[in-house]
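Chemist: So here's start.cif (mmCIF, N, CA and C atoms).
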```cif
data_model
loop_
_atom_site.label_atom_id
_atom_site.label_comp_id
_atom_site.auth_asym_id
_atom_site.auth_seq_id
_atom_site.Cartn_x
_atom_site.Cartn_y
_atom_site.Cartn_z
N MET A 1 0.86 -1.17 0.00
CA MET A 1 0.00 0.00 0.00
C MET A 1 0.91 1.24 0.00
N ASN A 2 0.61 2.21 -0.89
CA ASN A 2 1.43 3.41 -0.91
C ASN A 2 1.08 4.35 0.24
N LYS A 3 1.90 5.38 0.45
CA LYS A 3 1.72 6.28 1.60
C LYS A 3 0.37 6.99 1.57
N ARG A 4 -0.07 7.43 0.39
CA ARG A 4 -1.34 8.15 0.28
C ARG A 4 -2.51 7.24 0.66
N ALA A 5 -2.51 6.02 0.17
CA ALA A 5 -3.58 5.07 0.50
C ALA A 5 -3.56 4.71 1.98
N ALA A 6 -2.37 4.54 2.52
CA ALA A 6 -2.26 4.23 3.96
C ALA A 6 -2.77 5.39 4.79
N GLY A 7 -2.41 6.61 4.40
CA GLY A 7 -2.89 7.80 5.11
C GLY A 7 -4.40 7.90 5.08
N ALA A 8 -4.98 7.64 3.92
CA ALA A 8 -6.45 7.69 3.79
C ALA A 8 -7.11 6.64 4.67
N ALA A 9 -6.50 5.46 4.77
CA ALA A 9 -7.07 4.40 5.60
C ALA A 9 -7.03 4.80 7.08
N TRP A 10 -5.94 5.40 7.53
CA TRP A 10 -5.85 5.83 8.93
C TRP A 10 -6.79 6.99 9.22
N GLU A 11 -6.95 7.90 8.24
CA GLU A 11 -7.90 9.01 8.42
C GLU A 11 -9.33 8.47 8.49
N GLN A 12 -9.64 7.45 7.72
CA GLN A 12 -10.96 6.81 7.79
C GLN A 12 -11.19 6.21 9.17
N LYS A 13 -10.17 5.53 9.68
CA LYS A 13 -10.27 4.92 11.01
C LYS A 13 -10.48 6.00 12.07
N ALA A 14 -9.75 7.12 11.94
CA ALA A 14 -9.90 8.23 12.89
C ALA A 14 -11.30 8.84 12.81
N ALA A 15 -11.83 9.00 11.59
CA ALA A 15 -13.17 9.57 11.42
C ALA A 15 -14.22 8.67 12.07
N GLU A 16 -14.11 7.38 11.87
CA GLU A 16 -15.05 6.44 12.49
C GLU A 16 -14.97 6.50 14.01
N TYR A 17 -13.77 6.61 14.52
CA TYR A 17 -13.53 6.71 15.96
C TYR A 17 -14.19 7.98 16.52
N LEU A 18 -13.97 9.11 15.85
CA LEU A 18 -14.54 10.38 16.30
C LEU A 18 -16.07 10.36 16.25
N GLU A 19 -16.62 9.83 15.18
CA GLU A 19 -18.08 9.75 15.06
C GLU A 19 -18.67 8.88 16.17
N ALA A 20 -18.01 7.79 16.49
CA ALA A 20 -18.50 6.90 17.55
C ALA A 20 -18.50 7.60 18.91
N LEU A 21 -17.64 8.62 19.04
CA LEU A 21 -17.56 9.36 20.30
C LEU A 21 -18.33 10.68 20.25
N GLY A 22 -19.17 10.85 19.22
CA GLY A 22 -20.09 11.98 19.20
C GLY A 22 -19.76 13.15 18.30
N MET A 23 -18.69 13.09 17.53
CA MET A 23 -18.40 14.19 16.63
C MET A 23 -19.25 14.07 15.37
N LYS A 24 -19.78 15.20 14.90
CA LYS A 24 -20.50 15.26 13.63
C LYS A 24 -19.52 15.81 12.60
N ILE A 25 -19.06 14.95 11.72
CA ILE A 25 -18.07 15.36 10.73
C ILE A 25 -18.77 16.02 9.55
N VAL A 26 -18.25 17.21 9.15
CA VAL A 26 -18.84 17.95 8.04
C VAL A 26 -17.91 18.03 6.83
N GLU A 27 -16.61 17.84 7.03
CA GLU A 27 -15.64 17.87 5.93
C GLU A 27 -14.51 16.89 6.23
N ARG A 28 -14.01 16.29 5.16
CA ARG A 28 -12.80 15.47 5.26
C ARG A 28 -11.86 15.91 4.16
N ASN A 29 -10.60 15.97 4.48
CA ASN A 29 -9.57 16.39 3.53
C ASN A 29 -9.91 17.73 2.88
N TYR A 30 -10.26 18.71 3.72
CA TYR A 30 -10.56 20.05 3.22
C TYR A 30 -9.26 20.68 2.73
N ARG A 31 -9.27 21.13 1.47
CA ARG A 31 -8.07 21.72 0.87
C ARG A 31 -8.37 23.12 0.36
N ASN A 32 -7.38 23.98 0.49
CA ASN A 32 -7.38 25.26 -0.19
C ASN A 32 -5.93 25.58 -0.53
N SER A 33 -5.68 26.78 -1.04
CA SER A 33 -4.33 27.12 -1.47
C SER A 33 -3.33 27.15 -0.31
N ARG A 34 -3.83 27.22 0.92
CA ARG A 34 -2.97 27.28 2.10
C ARG A 34 -2.56 25.89 2.60
N GLY A 35 -3.32 24.85 2.20
CA GLY A 35 -3.00 23.50 2.64
C GLY A 35 -4.24 22.66 2.87
N GLU A 36 -4.15 21.72 3.81
CA GLU A 36 -5.23 20.76 4.04
C GLU A 36 -5.47 20.53 5.52
N ILE A 37 -6.73 20.33 5.86
CA ILE A 37 -7.11 19.89 7.20
C ILE A 37 -7.78 18.53 7.03
N ASP A 38 -7.38 17.56 7.84
CA ASP A 38 -7.85 16.19 7.67
C ASP A 38 -9.34 16.04 7.93
N ILE A 39 -9.82 16.57 9.05
CA ILE A 39 -11.22 16.41 9.43
C ILE A 39 -11.72 17.72 10.05
N ILE A 40 -12.94 18.11 9.67
CA ILE A 40 -13.61 19.25 10.29
C ILE A 40 -14.97 18.75 10.75
N GLY A 41 -15.30 19.06 11.99
CA GLY A 41 -16.58 18.60 12.52
C GLY A 41 -17.04 19.45 13.68
N TYR A 42 -18.16 19.04 14.25
CA TYR A 42 -18.71 19.72 15.43
C TYR A 42 -18.73 18.74 16.59
N HIS A 43 -18.32 19.25 17.75
CA HIS A 43 -18.32 18.42 18.95
C HIS A 43 -18.51 19.32 20.17
N GLU A 44 -19.54 19.03 20.94
CA GLU A 44 -19.82 19.74 22.18
C GLU A 44 -19.81 21.26 22.01
N GLY A 45 -20.45 21.75 20.94
CA GLY A 45 -20.58 23.18 20.72
C GLY A 45 -19.40 23.85 20.04
N TYR A 46 -18.39 23.09 19.68
CA TYR A 46 -17.21 23.64 19.01
C TYR A 46 -17.16 23.22 17.55
N LEU A 47 -16.65 24.11 16.72
CA LEU A 47 -16.22 23.76 15.37
C LEU A 47 -14.80 23.24 15.56
N VAL A 48 -14.56 21.98 15.19
CA VAL A 48 -13.29 21.33 15.51
C VAL A 48 -12.52 21.02 14.23
N PHE A 49 -11.26 21.44 14.23
CA PHE A 49 -10.33 21.15 13.15
C PHE A 49 -9.38 20.08 13.67
N VAL A 50 -9.35 18.94 12.97
CA VAL A 50 -8.63 17.77 13.47
C VAL A 50 -7.48 17.40 12.53
N GLU A 51 -6.32 17.24 13.11
CA GLU A 51 -5.16 16.72 12.40
C GLU A 51 -4.98 15.27 12.83
N VAL A 52 -4.83 14.37 11.85
CA VAL A 52 -4.63 12.95 12.13
C VAL A 52 -3.17 12.62 11.85
N LYS A 53 -2.52 12.01 12.83
CA LYS A 53 -1.12 11.60 12.66
C LYS A 53 -0.98 10.13 13.04
N TYR A 54 -0.24 9.40 12.22
CA TYR A 54 -0.03 7.97 12.43
C TYR A 54 1.47 7.67 12.46
N ARG A 55 1.85 6.82 13.38
CA ARG A 55 3.19 6.25 13.43
C ARG A 55 3.04 4.77 13.74
N SER A 56 3.73 3.93 12.99
CA SER A 56 3.63 2.48 13.22
C SER A 56 4.37 2.07 14.49
N SER A 57 5.39 2.86 14.85
CA SER A 57 6.17 2.58 16.06
C SER A 57 6.70 3.91 16.58
N THR A 58 7.49 3.85 17.63
CA THR A 58 8.08 5.08 18.18
C THR A 58 9.47 5.35 17.60
N GLN A 59 9.88 4.56 16.63
CA GLN A 59 11.21 4.72 16.04
C GLN A 59 11.43 6.13 15.49
N LYS A 60 10.41 6.72 14.92
CA LYS A 60 10.51 8.09 14.38
C LYS A 60 9.79 9.09 15.30
N GLY A 61 9.56 8.70 16.54
CA GLY A 61 8.90 9.58 17.49
C GLY A 61 7.43 9.24 17.63
N TYR A 62 6.79 9.98 18.50
CA TYR A 62 5.36 9.76 18.75
C TYR A 62 4.52 10.55 17.75
N ALA A 63 3.37 9.99 17.41
CA ALA A 63 2.49 10.61 16.42
C ALA A 63 2.11 12.03 16.80
N ALA A 64 1.73 12.25 18.04
CA ALA A 64 1.28 13.59 18.47
C ALA A 64 2.39 14.62 18.35
N GLU A 65 3.64 14.21 18.51
CA GLU A 65 4.77 15.14 18.42
C GLU A 65 4.96 15.69 17.01
N ALA A 66 4.41 15.02 16.02
CA ALA A 66 4.56 15.46 14.64
C ALA A 66 3.76 16.73 14.33
N VAL A 67 2.84 17.08 15.23
CA VAL A 67 2.05 18.31 15.04
C VAL A 67 2.79 19.43 15.78
N ASN A 68 3.89 19.88 15.17
CA ASN A 68 4.74 20.89 15.77
C ASN A 68 4.16 22.30 15.56
N THR A 69 4.85 23.30 16.04
CA THR A 69 4.36 24.68 15.96
C THR A 69 4.13 25.12 14.52
N GLY A 70 5.01 24.76 13.62
CA GLY A 70 4.82 25.12 12.21
C GLY A 70 3.55 24.52 11.64
N LYS A 71 3.30 23.25 11.93
CA LYS A 71 2.08 22.58 11.47
C LYS A 71 0.86 23.21 12.11
N GLN A 72 0.95 23.54 13.38
CA GLN A 72 -0.17 24.19 14.08
C GLN A 72 -0.50 25.53 13.44
N ARG A 73 0.51 26.32 13.14
CA ARG A 73 0.31 27.63 12.50
C ARG A 73 -0.40 27.45 11.15
N LYS A 74 0.03 26.47 10.39
CA LYS A 74 -0.56 26.21 9.08
C LYS A 74 -2.04 25.80 9.23
N ILE A 75 -2.32 24.92 10.18
CA ILE A 75 -3.70 24.50 10.43
C ILE A 75 -4.57 25.69 10.79
N CYS A 76 -4.05 26.57 11.62
CA CYS A 76 -4.81 27.76 12.04
C CYS A 76 -5.09 28.69 10.85
N ARG A 77 -4.12 28.87 9.97
CA ARG A 77 -4.35 29.71 8.77
C ARG A 77 -5.44 29.10 7.89
N ILE A 78 -5.40 27.80 7.69
CA ILE A 78 -6.41 27.13 6.88
C ILE A 78 -7.77 27.24 7.56
N ALA A 79 -7.81 27.06 8.87
CA ALA A 79 -9.06 27.17 9.63
C ALA A 79 -9.64 28.57 9.53
N ASP A 80 -8.78 29.60 9.62
CA ASP A 80 -9.26 30.98 9.47
C ASP A 80 -9.92 31.18 8.11
N TYR A 81 -9.28 30.65 7.07
CA TYR A 81 -9.83 30.78 5.73
C TYR A 81 -11.16 30.01 5.61
N TYR A 82 -11.21 28.85 6.19
CA TYR A 82 -12.45 28.05 6.18
C TYR A 82 -13.58 28.84 6.83
N ARG A 83 -13.32 29.39 8.00
CA ARG A 83 -14.35 30.16 8.71
C ARG A 83 -14.76 31.38 7.90
N TYR A 84 -13.80 32.05 7.26
CA TYR A 84 -14.09 33.22 6.44
C TYR A 84 -14.98 32.85 5.25
N THR A 85 -14.62 31.80 4.52
CA THR A 85 -15.39 31.41 3.33
C THR A 85 -16.76 30.83 3.68
N HIS A 86 -16.91 30.34 4.91
CA HIS A 86 -18.20 29.80 5.35
C HIS A 86 -18.98 30.81 6.20
N LYS A 87 -18.50 32.07 6.15
CA LYS A 87 -19.17 33.19 6.82
C LYS A 87 -19.43 32.93 8.31
N MET A 88 -18.42 32.42 8.97
CA MET A 88 -18.47 32.18 10.41
C MET A 88 -17.73 33.32 11.09
N GLY A 89 -18.37 33.97 12.00
CA GLY A 89 -17.76 35.11 12.68
C GLY A 89 -16.79 34.71 13.77
N GLU A 90 -16.24 35.74 14.40
CA GLU A 90 -15.29 35.55 15.49
C GLU A 90 -15.93 34.85 16.69
N SER A 91 -17.26 34.89 16.75
CA SER A 91 -17.96 34.29 17.90
C SER A 91 -18.07 32.77 17.78
N THR A 92 -17.68 32.20 16.64
CA THR A 92 -17.72 30.75 16.47
C THR A 92 -16.67 30.11 17.38
N ALA A 93 -17.13 29.24 18.26
CA ALA A 93 -16.20 28.55 19.16
C ALA A 93 -15.41 27.52 18.36
N VAL A 94 -14.09 27.62 18.42
CA VAL A 94 -13.21 26.77 17.62
C VAL A 94 -12.28 25.99 18.55
N ARG A 95 -11.99 24.78 18.12
CA ARG A 95 -11.06 23.93 18.86
C ARG A 95 -10.15 23.21 17.87
N TYR A 96 -8.92 22.97 18.26
CA TYR A 96 -7.95 22.26 17.44
C TYR A 96 -7.58 20.96 18.14
N ASP A 97 -7.93 19.85 17.52
CA ASP A 97 -7.69 18.53 18.09
C ASP A 97 -6.68 17.76 17.25
N VAL A 98 -6.09 16.76 17.87
CA VAL A 98 -5.19 15.84 17.17
C VAL A 98 -5.66 14.42 17.48
N VAL A 99 -5.75 13.60 16.46
CA VAL A 99 -5.96 12.17 16.66
C VAL A 99 -4.61 11.53 16.36
N ALA A 100 -4.00 11.01 17.42
CA ALA A 100 -2.67 10.39 17.31
C ALA A 100 -2.86 8.88 17.31
N ILE A 101 -2.42 8.25 16.23
CA ILE A 101 -2.51 6.80 16.11
C ILE A 101 -1.09 6.25 16.17
N GLN A 102 -0.83 5.49 17.21
CA GLN A 102 0.50 4.91 17.43
C GLN A 102 0.34 3.40 17.37
N GLY A 103 0.78 2.80 16.27
CA GLY A 103 0.53 1.36 16.08
C GLY A 103 -0.96 1.15 15.93
N GLU A 104 -1.56 0.41 16.84
CA GLU A 104 -3.01 0.17 16.82
C GLU A 104 -3.75 1.02 17.86
N SER A 105 -3.02 1.82 18.61
CA SER A 105 -3.60 2.64 19.67
C SER A 105 -4.04 4.01 19.13
N ILE A 106 -5.26 4.42 19.46
CA ILE A 106 -5.78 5.72 19.02
C ILE A 106 -5.98 6.60 20.25
N GLU A 107 -5.49 7.82 20.16
CA GLU A 107 -5.67 8.79 21.24
C GLU A 107 -6.22 10.08 20.64
N TRP A 108 -7.33 10.57 21.21
CA TRP A 108 -7.95 11.82 20.77
C TRP A 108 -7.55 12.91 21.74
N LEU A 109 -6.71 13.82 21.28
CA LEU A 109 -6.24 14.93 22.10
C LEU A 109 -7.10 16.15 21.80
N GLN A 110 -8.08 16.40 22.65
CA GLN A 110 -8.96 17.54 22.46
C GLN A 110 -8.27 18.81 22.93
N ASN A 111 -8.52 19.89 22.18
CA ASN A 111 -7.91 21.18 22.50
C ASN A 111 -6.39 21.02 22.60
N ALA A 112 -5.82 20.37 21.59
CA ALA A 112 -4.40 20.00 21.60
C ALA A 112 -3.47 21.21 21.53
N PHE A 113 -3.94 22.29 20.91
CA PHE A 113 -3.11 23.50 20.85
C PHE A 113 -4.02 24.71 20.67
N PRO A 114 -3.52 25.90 21.08
CA PRO A 114 -4.32 27.12 20.95
C PRO A 114 -4.24 27.67 19.53
N HIS A 115 -5.13 28.59 19.22
CA HIS A 115 -5.09 29.26 17.92
C HIS A 115 -3.82 30.09 17.83
N ILE A 116 -3.16 29.99 16.71
CA ILE A 116 -1.97 30.81 16.44
C ILE A 116 -2.36 31.79 15.35
N TYR A 117 -2.34 33.05 15.66
CA TYR A 117 -2.75 34.08 14.70
C TYR A 117 -1.70 34.24 13.61
N SER A 118 -2.16 34.54 12.40
CA SER A 118 -1.29 34.64 11.22
C SER A 118 -0.13 35.60 11.41
N GLY A 119 -0.37 36.66 12.16
CA GLY A 119 0.68 37.67 12.35
C GLY A 119 1.82 37.17 13.21
N ASN A 120 1.60 36.10 13.99
CA ASN A 120 2.66 35.58 14.86
C ASN A 120 3.57 34.66 14.08
N ARG A 121 4.83 34.91 14.10
CA ARG A 121 5.79 34.05 13.40
C ARG A 121 6.75 33.54 14.40
#
```
Would you mind writing the file's structure down as structure tokens?
Modeler:
Amino acid sequence: MNKRAAGAAWEQKAAEYLEALGMKIVERNYRNSRGEIDIIGYHEGYLVFVEVKYRSSTQKGYAAEAVNTGKQRKICRIADYYRYTHKMGESTAVRYDVVAIQGESIEWLQNAFPHIYSGNR
């Protein structure tokens, strides 16, 4: 299985996991010129932007560690654009989550990082 197919399979597994725990998924693999967000959904009153990371082992580190500050900044820029194009105001409650899949173990890290504003470098 190539990397893209494997990634899609893990994202599918993450989406099923999130739905089973009450998330209403509205977008998958949302793309714009700024990049991609794996899953967008609603959970407990929040619009949630989810990054899915998979590692088969800890040899290259933990899955959650792969969502570094640069990746977080990029996710926030894409999320800002999503909210803008969907006419969602500043009052929309937003959360950034990570689904970390390590081998066969799935961990849902809610509110994994704060919003990083575009002006912050």
Chemist: Residues proximal to (-10.4, 12.3, 17.8) were defined as those with any atom within 6.5 Å of that point in the file's coordinates, counting only N, CA and C atoms. Which are they, as an MDAnalysis selection string?
Modeler: chainID A and resid 14 17:18 98:99 107:109
Chemist: Would you kindly translate the PyMOL selection byres ((chain A and resi 100) around 8) into the concrete residues it picks from this file, as a list in words?
Modeler: Ala14, Glu51, Val52, Lys53, Tyr54, Arg55, Tyr62, Ala63, Ala64, Glu65, Asp97, Val98, Val99, Ile101, Gln102, Gly103, Glu104, Ser105, Ile106, Glu107, Trp108 and Leu109 of chain A
Chemist: Expanded to explicit residues, what is the PyMOL selection byres ((chain A and resi 46) around 8) for this file, as a PyMOL selection string?
Modeler: chain A and resi 41-45+47-49+92-95
Chemist: Identify, with DSSP run on backbone atoms, the residues in chain A assigned to helix (DSSP H, G or I), and express the list as a PyMOL selection string.
Modeler: chain A and resi 3-20+63-66+69-85
Chemist: If you measure from CA of Thr85 (chain A) to atom C of Glu27 (chain A), what distance in Å do you get, rounded to one decimal?
Modeler: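 Value for the CA of Thr85 (chain A)-atom C of Glu27 (chain A) distance: 14.8 Å.
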Chemist: What does the distance between atom C of Ile116 (chain A) and atom N of Val26 (chain A) come to in Å, to one decimal place?
Modeler: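 Here the two named atoms are 22.4 Å from each other.
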Chemist: From the DSSP assignment of the backbone, select every residue of region 13-100 of chain A that is strand (DSSP E or B), and format the answer as a ChimeraX atom specification.
Modeler: /A:24-32,35-43,46-55,94-100
Chemist: What is the distance, in Å and to one decimal place, between atom N of Ala79 (chain A) and CA of Lys60 (chain A)?
Modeler: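 Here the two named atoms are 26.9 Å from each other.
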Chemist: Pick the closest to Ile39 (chain A) from A:Ala15, A:Ile78, A:Gly61, A:Pro114: which is it, counting only N, CA and C atoms?
Modeler: A:Ala15
Chemist: Kindly complete region 55-66 of chain A to all heavy atoms; the output should be written as a PDB file, keeping the file's coordinate frame.
Modeler:
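Contents of the output file out-v2.pdb:
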```
ATOM      1  N   ARG A  55       1.850   6.820  13.380  1.00  0.00           N
ATOM      2  CA  ARG A  55       3.190   6.250  13.430  1.00  0.00           C
ATOM      3  C   ARG A  55       3.040   4.770  13.740  1.00  0.00           C
ATOM      4  O   ARG A  55       2.319   4.398  14.667  1.00  0.00           O
ATOM      5  CB  ARG A  55       4.051   6.899  14.520  1.00  0.00           C
ATOM      6  CG  ARG A  55       4.370   8.369  14.300  1.00  0.00           C
ATOM      7  CD  ARG A  55       5.385   8.534  13.167  1.00  0.00           C
ATOM      8  NE  ARG A  55       5.756   9.924  12.966  1.00  0.00           N
ATOM      9  CZ  ARG A  55       5.139  10.767  12.149  1.00  0.00           C
ATOM     10  NH1 ARG A  55       4.089  10.364  11.469  1.00  0.00           N
ATOM     11  NH2 ARG A  55       5.558  11.993  11.999  1.00  0.00           N
ATOM     12  N   SER A  56       3.730   3.930  12.990  1.00  0.00           N
ATOM     13  CA  SER A  56       3.630   2.480  13.220  1.00  0.00           C
ATOM     14  C   SER A  56       4.370   2.070  14.490  1.00  0.00           C
ATOM     15  O   SER A  56       4.035   1.073  15.121  1.00  0.00           O
ATOM     16  CB  SER A  56       4.165   1.708  12.026  1.00  0.00           C
ATOM     17  OG  SER A  56       5.522   2.048  11.787  1.00  0.00           O
ATOM     18  N   SER A  57       5.390   2.860  14.850  1.00  0.00           N
ATOM     19  CA  SER A  57       6.170   2.580  16.060  1.00  0.00           C
ATOM     20  C   SER A  57       6.700   3.910  16.580  1.00  0.00           C
ATOM     21  O   SER A  57       6.437   4.964  16.008  1.00  0.00           O
ATOM     22  CB  SER A  57       7.326   1.639  15.742  1.00  0.00           C
ATOM     23  OG  SER A  57       8.298   2.323  14.975  1.00  0.00           O
ATOM     24  N   THR A  58       7.490   3.850  17.630  1.00  0.00           N
ATOM     25  CA  THR A  58       8.080   5.080  18.180  1.00  0.00           C
ATOM     26  C   THR A  58       9.470   5.350  17.600  1.00  0.00           C
ATOM     27  O   THR A  58      10.130   6.300  18.009  1.00  0.00           O
ATOM     28  CB  THR A  58       8.177   4.986  19.715  1.00  0.00           C
ATOM     29  OG1 THR A  58       8.942   3.834  20.055  1.00  0.00           O
ATOM     30  CG2 THR A  58       6.807   4.930  20.349  1.00  0.00           C
ATOM     31  N   GLN A  59       9.880   4.560  16.630  1.00  0.00           N
ATOM     32  CA  GLN A  59      11.210   4.720  16.040  1.00  0.00           C
ATOM     33  C   GLN A  59      11.430   6.130  15.490  1.00  0.00           C
ATOM     34  O   GLN A  59      12.509   6.692  15.613  1.00  0.00           O
ATOM     35  CB  GLN A  59      11.414   3.686  14.933  1.00  0.00           C
ATOM     36  CG  GLN A  59      12.827   3.628  14.410  1.00  0.00           C
ATOM     37  CD  GLN A  59      13.030   2.489  13.431  1.00  0.00           C
ATOM     38  OE1 GLN A  59      12.079   1.895  12.948  1.00  0.00           O
ATOM     39  NE2 GLN A  59      14.274   2.182  13.147  1.00  0.00           N
ATOM     40  N   LYS A  60      10.410   6.720  14.920  1.00  0.00           N
ATOM     41  CA  LYS A  60      10.510   8.090  14.380  1.00  0.00           C
ATOM     42  C   LYS A  60       9.790   9.090  15.300  1.00  0.00           C
ATOM     43  O   LYS A  60       9.443  10.176  14.876  1.00  0.00           O
ATOM     44  CB  LYS A  60       9.921   8.155  12.977  1.00  0.00           C
ATOM     45  CG  LYS A  60      10.713   7.380  11.954  1.00  0.00           C
ATOM     46  CD  LYS A  60      10.145   7.548  10.569  1.00  0.00           C
ATOM     47  CE  LYS A  60      10.945   6.763   9.553  1.00  0.00           C
ATOM     48  NZ  LYS A  60      10.395   6.889   8.207  1.00  0.00           N
ATOM     49  N   GLY A  61       9.560   8.700  16.540  1.00  0.00           N
ATOM     50  CA  GLY A  61       8.900   9.580  17.490  1.00  0.00           C
ATOM     51  C   GLY A  61       7.430   9.240  17.630  1.00  0.00           C
ATOM     52  O   GLY A  61       6.915   8.322  16.993  1.00  0.00           O
ATOM     53  N   TYR A  62       6.790   9.980  18.500  1.00  0.00           N
ATOM     54  CA  TYR A  62       5.360   9.760  18.750  1.00  0.00           C
ATOM     55  C   TYR A  62       4.520  10.550  17.750  1.00  0.00           C
ATOM     56  O   TYR A  62       4.905  11.634  17.318  1.00  0.00           O
ATOM     57  CB  TYR A  62       5.012  10.184  20.181  1.00  0.00           C
ATOM     58  CG  TYR A  62       5.623   9.275  21.213  1.00  0.00           C
ATOM     59  CD1 TYR A  62       6.827   9.608  21.827  1.00  0.00           C
ATOM     60  CD2 TYR A  62       5.019   8.063  21.552  1.00  0.00           C
ATOM     61  CE1 TYR A  62       7.406   8.766  22.765  1.00  0.00           C
ATOM     62  CE2 TYR A  62       5.593   7.219  22.481  1.00  0.00           C
ATOM     63  CZ  TYR A  62       6.780   7.576  23.079  1.00  0.00           C
ATOM     64  OH  TYR A  62       7.358   6.740  23.995  1.00  0.00           O
ATOM     65  N   ALA A  63       3.370   9.990  17.410  1.00  0.00           N
ATOM     66  CA  ALA A  63       2.490  10.610  16.420  1.00  0.00           C
ATOM     67  C   ALA A  63       2.110  12.030  16.800  1.00  0.00           C
ATOM     68  O   ALA A  63       2.182  12.944  15.975  1.00  0.00           O
ATOM     69  CB  ALA A  63       1.238   9.748  16.228  1.00  0.00           C
ATOM     70  N   ALA A  64       1.730  12.250  18.040  1.00  0.00           N
ATOM     71  CA  ALA A  64       1.280  13.590  18.470  1.00  0.00           C
ATOM     72  C   ALA A  64       2.390  14.620  18.350  1.00  0.00           C
ATOM     73  O   ALA A  64       2.115  15.805  18.083  1.00  0.00           O
ATOM     74  CB  ALA A  64       0.767  13.522  19.904  1.00  0.00           C
ATOM     75  N   GLU A  65       3.640  14.210  18.510  1.00  0.00           N
ATOM     76  CA  GLU A  65       4.770  15.140  18.420  1.00  0.00           C
ATOM     77  C   GLU A  65       4.960  15.690  17.010  1.00  0.00           C
ATOM     78  O   GLU A  65       5.606  16.729  16.838  1.00  0.00           O
ATOM     79  CB  GLU A  65       6.060  14.453  18.860  1.00  0.00           C
ATOM     80  CG  GLU A  65       6.087  14.072  20.317  1.00  0.00           C
ATOM     81  CD  GLU A  65       7.309  13.240  20.677  1.00  0.00           C
ATOM     82  OE1 GLU A  65       7.942  12.641  19.788  1.00  0.00           O
ATOM     83  OE2 GLU A  65       7.600  13.176  21.875  1.00  0.00           O
ATOM     84  N   ALA A  66       4.410  15.020  16.020  1.00  0.00           N
ATOM     85  CA  ALA A  66       4.560  15.460  14.640  1.00  0.00           C
ATOM     86  C   ALA A  66       3.760  16.730  14.330  1.00  0.00           C
ATOM     87  O   ALA A  66       3.982  17.378  13.320  1.00  0.00           O
ATOM     88  CB  ALA A  66       4.148  14.342  13.684  1.00  0.00           C
TER      89      ALA A  66
END
```
